[in-house]
Protein chains: 2
Amino acid sequence: MNQKDLLRPVADAASLSAPLDNFNTADAVEFLNTLSLSRAADTLAALPLPRAVKMLEQPELNRGGDLVAAMPVARAAALLGLMADDRATDIVHELDEDERARLIPLLSPEARKAIQQLLSYPAHTAGALMTTEFVSVPSDWTVGRTLQHIREVERTRETVYAIYVLDPHTRALVQVVTMRRLITGLPEEPILDVAQVNPPVTVDVQLDQEEVAQLIRRHDLLAIPVVDAQHHVLGIVTVDDILDALIEESTEDVHKFGGMEALEKPYMQIGFFEMLRKRAGWLSVLFLGEMLTASAMQHYEDELARAVVLTLFIPLIMSSGGNSGSQATSLLIRSLALRELRLRDWWKVALREVPTGITLGAILGVLAIIRIVSWQLLGLHDYGEHWQLLALTIGAALVGIVTFGSLSGSMLPFILKRLGFDPASASAPFVATLVDVTGLVIYFSIAAMILRGTLL
Amino acid sequence: MNQKDLLRPVADAASLSAPLDNFNTADAVEFLNTLSLSRAADTLAALPLPRAVKMLEQPELNRGGDLVAAMPVARAAALLGLMADDRATDIVHELDEDERARLIPLLSPEARKAIQQLLSYPAHTAGALMTTEFVSVPSDWTVGRTLQHIREVERTRETVYAIYVLDPHTRALVQVVTMRRLITGLPEEPILDVAQVNPPVTVDVQLDQEEVAQLIRRHDLLAIPVVDAQHHVLGIVTVDDILDALIEESTEDVHKFGGMEALEKPYMQIGFFEMLRKRAGWLSVLFLGEMLTASAMQHYEDELARAVVLTLFIPLIMSSGGNSGSQATSLLIRSLALRELRLRDWWKVALREVPTGITLGAILGVLAIIRIVSWQLLGLHDYGEHWQLLALTIGAALVGIVTFGSLSGSMLPFILKRLGFDPASASAPFVATLVDVTGLVIYFSIAAMILRGTLL
């Protein structure tokens with residue numbers, strides 16, 4: 001099939017593409033997301049190539065891989081070849097081996113090389129995020145020659161606002177020139193005269209996207225160059241890719257904090273069994289951990305039999321420990337992610353959480369005592385003859401458990417980081433489980449102290 | 001004090017600013033954050049004005065307001081006057097009334113007007129985020145004249161990469177021209193010839209920053225104009241401000257999901273009582289809600305007295321409901337935030353969560369049965385003569401509770417949204433509390449059904 005055939009819309013094209021005529025790209029993508037897969041693929045195939053390319057490049061487009069796989073293979077290859085190479089790589093990532101084997105040989109040698117190179121970098125790294133479509137010029141060029149070059153290549157570059165100045169011999173990165181400085185220069189000036197003064201901020205191809213985001217943000221950049229050991233520019237990561245990556249990371253962090261594996265697709269697009277796998281793993285691990293509560297309770301079975309009244313408050317007391325732990329963990333996960341705190345600051349945090357936990361526990365303890373006393377005095381429930389001691393037990397247990405919850409919830413992200421894990425892997429259910437088992441032991445120990453000789 | 005005095009560094013300046021000589025702005029900011037307030041203020045005052053301005057403009061700089069307040073007032077005013085007006089407004093926001101009254105009269109009339117205008121917009125809106133330092137030109141200008149204008153004003157504009165083309169008479173926004181298209185135009189071409197084809201995407205001054213971020217991301221913009229009803233451009237929100245806002249939102253969302261009010265400052269900078277206030281409120285509300293578990297348990301006190309063995313599994317069963325609820329909530333919070341799902345899709349989610357919950361509950365139920373049977377048969381614990389029925393009770397209760405947890409956890413964000421709240425206000429502890437009370441009722445009802453006539 002030659003280029004002309006590819007550019008000719010498929011039969012029925014007019015009726016398929018008509019609903020999209022009045023939409024901008026973002027709205028058209030949203031419309032496409034609502035269609036069935038085959039209809040969406042037909043519609044995408046019916047659109048003029050530049051329009052279809054633009055839509056495929058939007059990260060909001062769902063089922064990108066499936067759509068490309070469902071299209072005539074020659075048209076799919078034409079679209080991939082015209083896409084920004086980083087976005088095309090994202091699509092190829094979603095294809096299975098067979099589909100890749102059919103499509104990739106149809107690409108131009110340059111597109112094929114770029115995509116295969118980008119495919120080789122692990123997900124969530126600078127390499128996986130970068131595009132190879134940037135502007136670079138030798139350092140012996142003038143401002144005028146650079147501007148002329150940019151005018152010629154503008155349409156095929158993801159950004160032209162950062163220009164990478166390379167050593168003319170080694171092709172190593174020498175400096176970065178911003179477009180705003182470039183246009184203030186005189187045409188005959190050497191390009192290096194309008195370059196920044198500071199050495200360029202660069203990243204390694206393996207750097208995690210979260211660190212790349214921090215650097216882009218810290219230095220207020222529109223793009224950051226990814227370099228190898230010889231300082232050759234392999235690609236650039238642009239701020240709009242970082243924006244997408246940050247939103248993706250937020251989603252992952254919330255999922256993980258909720259106590260499950262992060263989903264990589266929208267909720268409605270996950271298959272039933274994939275969804276089960278993402279949730280059952282952690283749920284079972286937490287369940288096995290929580291079985292220790294049954295063991296702890298078994299250990300105190302005699303006490304429970306003698307003082308059933310103690311069981312009434314078990315859920316209340318345990319949940320308070322979990323809740324205060326969850327608060328502390330959420331605080332520290334973000335402080336560590338934003339590098340407000342370092343690993344070595346753990347003791348400063350511990351020194352703050354202990355008095356905070358004691359005070360929070362005391363507040364809840366007073367609430368609990370008010371509840372028990374007023375229920376007893378109003379005749380709403382009879383907690384037995386030792387109800388004053390029971391109230392004291394519950395109050396004291398709350399101080400102990402909330403303090404322990406705050407302390408362990410705040411230390412958990414540090415411990416995970418120390419062990420080489422992402423502090424964001426600490427989840428609310430995980431903290432709750434941790435605190436539940438210890439909470440029971442604290443509760444029964446305090447009960448044994450206060451109630452020995454009376455209820456126990 | 002005249003301008004020259006302000007530009008002259010304070011005494012001892014060399015020794016104060018020396019450590020920063022080899023740092024870039026971001027590193028210098030980090031260094032400043034580690035100093036005591038008075039030393040940091042002295043250092044900032046000792047730096048050359050442009051350097052100090054750049055550092056004050058970094059969102060990573062802590063204690064911005066305190067630093068400005070601690071400086072000689074004339075120097076503070078000089079710094080504020082030179083800062084980007086949106087960042088200067090952020091600093092003024094942190095000052096108390098007295099400090100504002102001392103500082104603002106010293107500003108130039110333009111800076112004063114811009115800052116007072118920006119101060120009037122509520123936090124987290126496009127208005128609060130925008131800068132008034134953008135490039136606009138009348139629509140009857142040429143490409144060449146526009147470029148010349150940009151060269152002249154470049155240093156005082158936050159971005160020059162989006163140029164806003166206004167009606168020469170009404171000054172209403174007509175079109176947006178990107179710098180990359182501008183430089184490809186011929187100098188004598190009318191500016192509108194290189195403008196975009198689509199109508200410009202604009203936002204209202206009141207729009208929430210999260211929506212602004214979605215629009216910037218959807219349309220891959222570097223800046224978005226904020227307009228009034230007559231389509232006058234009031235300011236622009238740039239992508240680097242959005243990046244900062246998104247990171248701030250992620251932090252807030254994690255704090256809220258952890259069950260507390262979001263902190264607005266880094267962990268170590270919050271005072272003890274402010275920290276208590278942020279945590280004690282929700283903790284107490286959850287505690288009062290959780291008190292219903294004590295009421296539920298009181299209701300079943302007779303059953304508990306007859307079958308103490310039932311209490312052994314209460315923490316295990318309740319936490320499983322909370323954990324599955326927390327998973328479902330984390331999924332739906334993000335799906336709603338990313339607009340993958342709409343309010344009207346709630347029933348599709350309910351239809352997925354019920355079978356998912358049943359399956360997850362069955363998996364945990366089998367684990368529990370295995371535990372009880374093996375402990376019994378291995379002689380590790382004696383669950384009494386009706387241990388088979390007990391195992392069945394625990395297994396069945398887990399199916400019921402995990403299904404209820406998944407369903408209510410997934411519906412909670414929809415309900416909050418329906419009631420006009422942010423779905424991200426749903427927290428893991430809140431879901432856990434919700435599920436705990438109902439979980440107890442489910443547990444005891446199933447126990448009553450299965451164990452009637454034997455244990456109960």
# chains A, B, ... in the order shown; residues from 1 in each chain; ligands from 1
call {"tool": "interface_residues", "arguments": {"of": "chain B", "to": "chain A", "cutoff": "6 Å", "atoms": "only C-alpha atoms", "output": "JSON, numbers by chain"}}
result
{"B": [26, 151, 184, 218, 251, 254, 255, 258, 259, 290, 294, 297, 312, 313, 316, 323, 326, 327, 330, 334, 429]}
call {"tool": "write_last_selection", "arguments": {"atoms": "N, CA, C and O atoms", "output": "PDB file, in the first residue's frame"}}
result
ATOM      1  N   ALA B  26      18.482  26.872  43.492  1.00  0.00           N
ATOM      2  CA  ALA B  26      17.785  25.822  44.237  1.00  0.00           C
ATOM      3  C   ALA B  26      18.606  25.360  45.434  1.00  0.00           C
ATOM      4  O   ALA B  26      18.080  25.171  46.537  1.00  0.00           O
ATOM      5  N   ARG B 151      11.238  41.498  22.832  1.00  0.00           N
ATOM      6  CA  ARG B 151      12.649  41.692  23.194  1.00  0.00           C
ATOM      7  C   ARG B 151      12.771  42.762  24.269  1.00  0.00           C
ATOM      8  O   ARG B 151      13.610  42.666  25.157  1.00  0.00           O
ATOM      9  N   THR B 184       8.383  31.624  13.211  1.00  0.00           N
ATOM     10  CA  THR B 184       8.344  31.114  11.835  1.00  0.00           C
ATOM     11  C   THR B 184       7.679  32.120  10.900  1.00  0.00           C
ATOM     12  O   THR B 184       7.723  31.955   9.687  1.00  0.00           O
ATOM     13  N   ARG B 218      -4.740  18.860  29.499  1.00  0.00           N
ATOM     14  CA  ARG B 218      -5.514  18.371  28.345  1.00  0.00           C
ATOM     15  C   ARG B 218      -5.073  19.018  27.060  1.00  0.00           C
ATOM     16  O   ARG B 218      -5.059  18.397  26.001  1.00  0.00           O
ATOM     17  N   THR B 251      -0.196  16.465  48.231  1.00  0.00           N
ATOM     18  CA  THR B 251       0.064  16.420  49.663  1.00  0.00           C
ATOM     19  C   THR B 251      -1.240  16.538  50.434  1.00  0.00           C
ATOM     20  O   THR B 251      -1.507  15.751  51.349  1.00  0.00           O
ATOM     21  N   VAL B 254      -3.270  13.293  50.218  1.00  0.00           N
ATOM     22  CA  VAL B 254      -2.759  12.199  51.042  1.00  0.00           C
ATOM     23  C   VAL B 254      -3.079  12.464  52.513  1.00  0.00           C
ATOM     24  O   VAL B 254      -3.521  11.575  53.232  1.00  0.00           O
ATOM     25  N   HIS B 255      -2.886  13.720  52.953  1.00  0.00           N
ATOM     26  CA  HIS B 255      -3.228  14.042  54.349  1.00  0.00           C
ATOM     27  C   HIS B 255      -4.703  13.766  54.628  1.00  0.00           C
ATOM     28  O   HIS B 255      -5.051  13.162  55.627  1.00  0.00           O
ATOM     29  N   GLY B 258      -5.447  10.217  54.788  1.00  0.00           N
ATOM     30  CA  GLY B 258      -4.939   9.666  56.048  1.00  0.00           C
ATOM     31  C   GLY B 258      -5.847  10.001  57.226  1.00  0.00           C
ATOM     32  O   GLY B 258      -5.608   9.543  58.340  1.00  0.00           O
ATOM     33  N   GLY B 259      -6.879  10.832  56.987  1.00  0.00           N
ATOM     34  CA  GLY B 259      -7.846  11.105  58.051  1.00  0.00           C
ATOM     35  C   GLY B 259      -7.520  12.334  58.870  1.00  0.00           C
ATOM     36  O   GLY B 259      -7.748  12.357  60.081  1.00  0.00           O
ATOM     37  N   GLU B 290     -17.087   5.817  65.964  1.00  0.00           N
ATOM     38  CA  GLU B 290     -16.692   4.459  66.335  1.00  0.00           C
ATOM     39  C   GLU B 290     -17.334   4.021  67.652  1.00  0.00           C
ATOM     40  O   GLU B 290     -17.426   2.831  67.937  1.00  0.00           O
ATOM     41  N   ALA B 294     -19.228   0.313  70.253  1.00  0.00           N
ATOM     42  CA  ALA B 294     -19.460  -0.070  71.649  1.00  0.00           C
ATOM     43  C   ALA B 294     -20.957  -0.310  71.883  1.00  0.00           C
ATOM     44  O   ALA B 294     -21.354  -1.265  72.561  1.00  0.00           O
ATOM     45  N   MET B 297     -21.841  -3.599  70.335  1.00  0.00           N
ATOM     46  CA  MET B 297     -21.346  -4.698  71.166  1.00  0.00           C
ATOM     47  C   MET B 297     -22.211  -4.871  72.419  1.00  0.00           C
ATOM     48  O   MET B 297     -22.481  -5.994  72.839  1.00  0.00           O
ATOM     49  N   LEU B 312     -12.866 -13.490  69.792  1.00  0.00           N
ATOM     50  CA  LEU B 312     -11.487 -13.655  69.332  1.00  0.00           C
ATOM     51  C   LEU B 312     -11.286 -13.124  67.914  1.00  0.00           C
ATOM     52  O   LEU B 312     -10.212 -12.655  67.561  1.00  0.00           O
ATOM     53  N   PHE B 313     -12.341 -13.214  67.122  1.00  0.00           N
ATOM     54  CA  PHE B 313     -12.178 -12.880  65.698  1.00  0.00           C
ATOM     55  C   PHE B 313     -12.701 -11.498  65.334  1.00  0.00           C
ATOM     56  O   PHE B 313     -12.679 -11.121  64.165  1.00  0.00           O
ATOM     57  N   LEU B 316     -10.052  -9.190  63.686  1.00  0.00           N
ATOM     58  CA  LEU B 316      -9.679  -9.735  62.378  1.00  0.00           C
ATOM     59  C   LEU B 316     -10.747  -9.421  61.335  1.00  0.00           C
ATOM     60  O   LEU B 316     -10.459  -8.932  60.238  1.00  0.00           O
ATOM     61  N   ASN B 323     -10.168  -2.644  55.500  1.00  0.00           N
ATOM     62  CA  ASN B 323      -9.129  -2.685  54.470  1.00  0.00           C
ATOM     63  C   ASN B 323      -9.716  -2.750  53.068  1.00  0.00           C
ATOM     64  O   ASN B 323      -9.247  -2.058  52.161  1.00  0.00           O
ATOM     65  N   SER B 326     -11.092   0.624  52.260  1.00  0.00           N
ATOM     66  CA  SER B 326     -10.029   1.592  51.987  1.00  0.00           C
ATOM     67  C   SER B 326      -9.485   1.422  50.561  1.00  0.00           C
ATOM     68  O   SER B 326      -9.234   2.401  49.845  1.00  0.00           O
ATOM     69  N   GLN B 327      -9.334   0.180  50.122  1.00  0.00           N
ATOM     70  CA  GLN B 327      -8.902  -0.062  48.736  1.00  0.00           C
ATOM     71  C   GLN B 327      -9.890   0.547  47.746  1.00  0.00           C
ATOM     72  O   GLN B 327      -9.502   1.263  46.819  1.00  0.00           O
ATOM     73  N   SER B 330      -9.833   4.366  47.678  1.00  0.00           N
ATOM     74  CA  SER B 330      -8.661   4.943  47.015  1.00  0.00           C
ATOM     75  C   SER B 330      -8.822   4.859  45.501  1.00  0.00           C
ATOM     76  O   SER B 330      -8.442   5.776  44.774  1.00  0.00           O
ATOM     77  N   ARG B 334      -9.498   8.586  42.999  1.00  0.00           N
ATOM     78  CA  ARG B 334      -8.667   8.980  41.858  1.00  0.00           C
ATOM     79  C   ARG B 334      -9.454   8.955  40.550  1.00  0.00           C
ATOM     80  O   ARG B 334      -9.295   9.824  39.701  1.00  0.00           O
ATOM     81  N   PRO B 429      -9.566   6.074  57.331  1.00  0.00           N
ATOM     82  CA  PRO B 429     -10.175   5.880  58.657  1.00  0.00           C
ATOM     83  C   PRO B 429     -11.693   6.086  58.653  1.00  0.00           C
ATOM     84  O   PRO B 429     -12.406   5.400  59.380  1.00  0.00           O
TER      85      PRO B 429
END
call {"tool": "select_by_dssp", "arguments": {"residues": "segment 31-79 of chain B", "states": "helix (DSSP H, G or I)", "output": "ChimeraX atom specification"}}
result
/B:31-34,37-46,49-56,64-70,73-79
call {"tool": "atom_distance", "arguments": {"atom1": "atom CA of Thr142 of chain A", "atom2": "atom CA of Glu188 of chain A"}}
result
5.7 Å
call {"tool": "select_by_dssp", "arguments": {"residues": "segment 173-227 of chain B", "states": "strand (DSSP E or B)", "output": "list in words"}}
result
Leu173, Val174, Gln175, Val176, Val177, Thr178, Pro190, Val203, Asp204, Asp208, Ala223, Ile224, Pro225, Val226 and Val227 of chain B
call {"tool": "write_last_selection", "arguments": {"atoms": "N, CA and C atoms", "output": "mmCIF file, in the first residue's frame"}}
result
data_model
loop_
_atom_site.group_PDB
_atom_site.id
_atom_site.type_symbol
_atom_site.label_atom_id
_atom_site.label_comp_id
_atom_site.auth_asym_id
_atom_site.auth_seq_id
_atom_site.Cartn_x
_atom_site.Cartn_y
_atom_site.Cartn_z
ATOM 1 N N LEU B 173 -9.674 39.520 24.557
ATOM 2 C CA LEU B 173 -8.768 38.511 23.997
ATOM 3 C C LEU B 173 -9.316 37.995 22.668
ATOM 4 N N VAL B 174 -8.484 38.065 21.620
ATOM 5 C CA VAL B 174 -8.909 37.596 20.301
ATOM 6 C C VAL B 174 -8.295 36.236 20.003
ATOM 7 N N GLN B 175 -6.997 36.121 20.222
ATOM 8 C CA GLN B 175 -6.313 34.892 19.880
ATOM 9 C C GLN B 175 -5.044 34.737 20.709
ATOM 10 N N VAL B 176 -4.484 33.515 20.650
ATOM 11 C CA VAL B 176 -3.197 33.275 21.285
ATOM 12 C C VAL B 176 -2.199 32.896 20.205
ATOM 13 N N VAL B 177 -1.008 33.455 20.295
ATOM 14 C CA VAL B 177 0.077 33.097 19.376
ATOM 15 C C VAL B 177 1.174 32.472 20.218
ATOM 16 N N THR B 178 1.680 31.316 19.780
ATOM 17 C CA THR B 178 2.803 30.725 20.504
ATOM 18 C C THR B 178 4.093 31.261 19.907
ATOM 19 N N PRO B 190 0.857 40.048 9.323
ATOM 20 C CA PRO B 190 0.023 40.410 10.481
ATOM 21 C C PRO B 190 0.114 39.305 11.543
ATOM 22 N N VAL B 203 -9.843 30.483 31.308
ATOM 23 C CA VAL B 203 -10.494 30.090 32.554
ATOM 24 C C VAL B 203 -11.012 31.321 33.287
ATOM 25 N N ASP B 204 -11.983 31.070 34.137
ATOM 26 C CA ASP B 204 -12.533 32.111 34.988
ATOM 27 C C ASP B 204 -11.624 32.279 36.208
ATOM 28 N N ASP B 208 -11.220 26.468 40.279
ATOM 29 C CA ASP B 208 -10.326 25.754 41.182
ATOM 30 C C ASP B 208 -9.038 25.342 40.460
ATOM 31 N N ALA B 223 0.797 28.008 29.341
ATOM 32 C CA ALA B 223 0.117 29.002 30.167
ATOM 33 C C ALA B 223 -1.335 29.084 29.708
ATOM 34 N N ILE B 224 -2.210 29.484 30.617
ATOM 35 C CA ILE B 224 -3.630 29.594 30.275
ATOM 36 C C ILE B 224 -4.099 30.975 30.741
ATOM 37 N N PRO B 225 -4.825 31.722 29.864
ATOM 38 C CA PRO B 225 -5.250 33.061 30.266
ATOM 39 C C PRO B 225 -6.482 33.025 31.173
ATOM 40 N N VAL B 226 -6.486 33.910 32.157
ATOM 41 C CA VAL B 226 -7.613 34.066 33.077
ATOM 42 C C VAL B 226 -8.371 35.310 32.615
ATOM 43 N N VAL B 227 -9.654 35.138 32.276
ATOM 44 C CA VAL B 227 -10.391 36.262 31.688
ATOM 45 C C VAL B 227 -11.622 36.619 32.508
#
call {"tool": "atom_distance", "arguments": {"atom1": "atom CA of Tyr121 of chain B", "atom2": "atom CA of Val233 of chain B"}}
result
15.3 Å
call {"tool": "residues_around", "arguments": {"residues": "Trp141 of chain B", "least_positions_apart": "4", "cutoff": "7 Å", "atoms": "only C-alpha atoms", "output": "VMD selection string"}}
result
chain B and resid 145 to 146 190 to 191
call {"tool": "closest_residue", "arguments": {"among": "B:Leu343, B:Ala391, B:Leu47, B:Ile401", "to": "Ile370 of chain B", "atoms": "only C-alpha atoms"}}
result
B:Ala391
call {"tool": "atom_distance", "arguments": {"atom1": "atom CA of Ser408 of chain B", "atom2": "atom CA of Thr34 of chain A"}}
result
26.4 Å
call {"tool": "residues_around", "arguments": {"residues": "segment 107-110 of chain A", "least_positions_apart": "6", "cutoff": "10 Å", "atoms": "only C-alpha atoms", "output": "PyMOL selection string"}}
result
chain A and resi 74+76-82+85+116
call {"tool": "residues_around", "arguments": {"residues": "Ala84 of chain A", "least_positions_apart": "4", "cutoff": "8 Å", "atoms": "only C-alpha atoms", "output": "PyMOL selection string"}}
result
chain A and resi 57+88+131+133+158
call {"tool": "residues_around", "arguments": {"residues": "Leu67 of chain B", "least_positions_apart": "6", "cutoff": "12 Å", "atoms": "only C-alpha atoms", "output": "ChimeraX atom specification"}}
result
/B:32-33,35-45,52,55-56,61,73,75-76,79-80,91-92,94-95,99
call {"tool": "write_last_selection", "arguments": {"atoms": "N, CA, C and O atoms", "output": "compact mmCIF listing (two decimals), in the first residue's frame"}}
result
# COMPACT_ATOMS: atom_id res chain seq x y z
N LEU B 32 19.56 28.05 52.80
CA LEU B 32 18.88 29.07 53.60
C LEU B 32 17.86 28.44 54.54
O LEU B 32 17.68 28.89 55.67
N ASN B 33 17.19 27.38 54.07
CA ASN B 33 16.18 26.71 54.89
C ASN B 33 16.77 26.11 56.16
O ASN B 33 16.06 25.89 57.14
N LEU B 35 19.21 27.49 57.97
CA LEU B 35 19.71 28.51 58.89
C LEU B 35 18.61 28.94 59.86
O LEU B 35 17.43 28.75 59.62
N SER B 36 19.03 29.56 60.95
CA SER B 36 18.06 30.16 61.87
C SER B 36 17.38 31.32 61.14
O SER B 36 17.91 31.85 60.16
N LEU B 37 16.20 31.72 61.63
CA LEU B 37 15.44 32.75 60.94
C LEU B 37 16.24 34.04 60.81
O LEU B 37 16.33 34.63 59.73
N SER B 38 16.86 34.48 61.89
CA SER B 38 17.53 35.79 61.84
C SER B 38 18.76 35.71 60.92
O SER B 38 19.02 36.62 60.13
N ARG B 39 19.47 34.61 60.99
CA ARG B 39 20.65 34.49 60.13
C ARG B 39 20.22 34.38 58.66
O ARG B 39 20.85 34.96 57.78
N ALA B 40 19.14 33.65 58.41
CA ALA B 40 18.64 33.52 57.03
C ALA B 40 18.20 34.88 56.50
O ALA B 40 18.49 35.24 55.35
N ALA B 41 17.52 35.68 57.35
CA ALA B 41 17.06 37.00 56.91
C ALA B 41 18.25 37.90 56.64
O ALA B 41 18.29 38.63 55.63
N ASP B 42 19.28 37.86 57.51
CA ASP B 42 20.48 38.66 57.29
C ASP B 42 21.17 38.26 55.99
O ASP B 42 21.63 39.11 55.22
N THR B 43 21.24 36.94 55.77
CA THR B 43 21.90 36.45 54.56
C THR B 43 21.16 36.94 53.33
O THR B 43 21.76 37.44 52.37
N LEU B 44 19.84 36.81 53.35
CA LEU B 44 19.03 37.23 52.20
C LEU B 44 19.20 38.73 51.98
O LEU B 44 19.28 39.21 50.84
N ALA B 45 19.27 39.48 53.05
CA ALA B 45 19.43 40.94 52.94
C ALA B 45 20.82 41.29 52.41
O ALA B 45 21.01 42.34 51.79
N ALA B 52 18.62 37.65 45.53
CA ALA B 52 17.66 37.50 46.63
C ALA B 52 16.24 37.37 46.10
O ALA B 52 15.44 36.56 46.59
N MET B 55 15.65 33.89 44.82
CA MET B 55 15.49 32.91 45.89
C MET B 55 14.11 33.04 46.56
O MET B 55 13.47 32.03 46.85
N LEU B 56 13.67 34.26 46.75
CA LEU B 56 12.35 34.46 47.36
C LEU B 56 11.24 33.93 46.47
O LEU B 56 10.16 33.58 46.94
N LEU B 61 11.40 27.70 49.12
CA LEU B 61 11.92 28.50 50.24
C LEU B 61 10.90 28.48 51.38
O LEU B 61 9.75 28.88 51.21
N VAL B 73 12.73 47.12 56.57
CA VAL B 73 11.49 47.24 55.81
C VAL B 73 11.72 47.79 54.39
O VAL B 73 11.08 47.34 53.44
N ARG B 75 14.34 47.37 52.50
CA ARG B 75 14.89 46.31 51.66
C ARG B 75 13.81 45.27 51.32
O ARG B 75 13.73 44.77 50.21
N ALA B 76 12.98 44.97 52.30
CA ALA B 76 11.88 44.03 52.07
C ALA B 76 10.98 44.56 50.94
O ALA B 76 10.59 43.81 50.04
N LEU B 79 12.65 44.19 47.56
CA LEU B 79 12.60 42.81 47.09
C LEU B 79 11.21 42.47 46.54
O LEU B 79 11.07 41.91 45.45
N LEU B 80 10.17 42.81 47.31
CA LEU B 80 8.80 42.50 46.89
C LEU B 80 8.49 43.18 45.55
O LEU B 80 7.85 42.60 44.68
N ILE B 91 3.96 35.81 49.36
CA ILE B 91 4.69 36.27 50.55
C ILE B 91 3.80 37.19 51.39
O ILE B 91 3.70 37.02 52.61
N VAL B 92 3.15 38.15 50.74
CA VAL B 92 2.31 39.10 51.47
C VAL B 92 1.20 38.35 52.22
O VAL B 92 0.82 38.71 53.33
N GLU B 94 1.43 35.69 53.74
CA GLU B 94 1.96 35.11 54.98
C GLU B 94 2.21 36.18 56.05
O GLU B 94 2.53 35.85 57.18
N LEU B 95 2.14 37.46 55.68
CA LEU B 95 2.41 38.53 56.64
C LEU B 95 1.16 38.84 57.45
O LEU B 95 0.04 38.67 56.97
N GLU B 99 2.46 44.03 59.54
CA GLU B 99 3.58 43.97 58.60
C GLU B 99 3.15 44.44 57.21
O GLU B 99 3.88 45.16 56.54
call {"tool": "residues_around", "arguments": {"residues": "His93 of chain B", "least_positions_apart": "3", "cutoff": "8 Å", "atoms": "only C-alpha atoms", "output": "JSON, numbers by chain"}}
result
{"B": [65, 89, 90, 96, 119]}
call {"tool": "write_last_selection", "arguments": {"atoms": "C-alpha atoms", "output": "mmCIF file, in the first residue's frame"}}
result
data_model
loop_
_atom_site.group_PDB
_atom_site.id
_atom_site.type_symbol
_atom_site.label_atom_id
_atom_site.label_comp_id
_atom_site.auth_asym_id
_atom_site.auth_seq_id
_atom_site.Cartn_x
_atom_site.Cartn_y
_atom_site.Cartn_z
ATOM 1 C CA GLY B 65 6.859 35.712 55.035
ATOM 2 C CA THR B 89 1.474 38.049 46.709
ATOM 3 C CA ASP B 90 2.190 34.621 48.209
ATOM 4 C CA ASP B 96 0.175 39.755 59.433
ATOM 5 C CA LEU B 119 -4.684 39.213 47.369
#
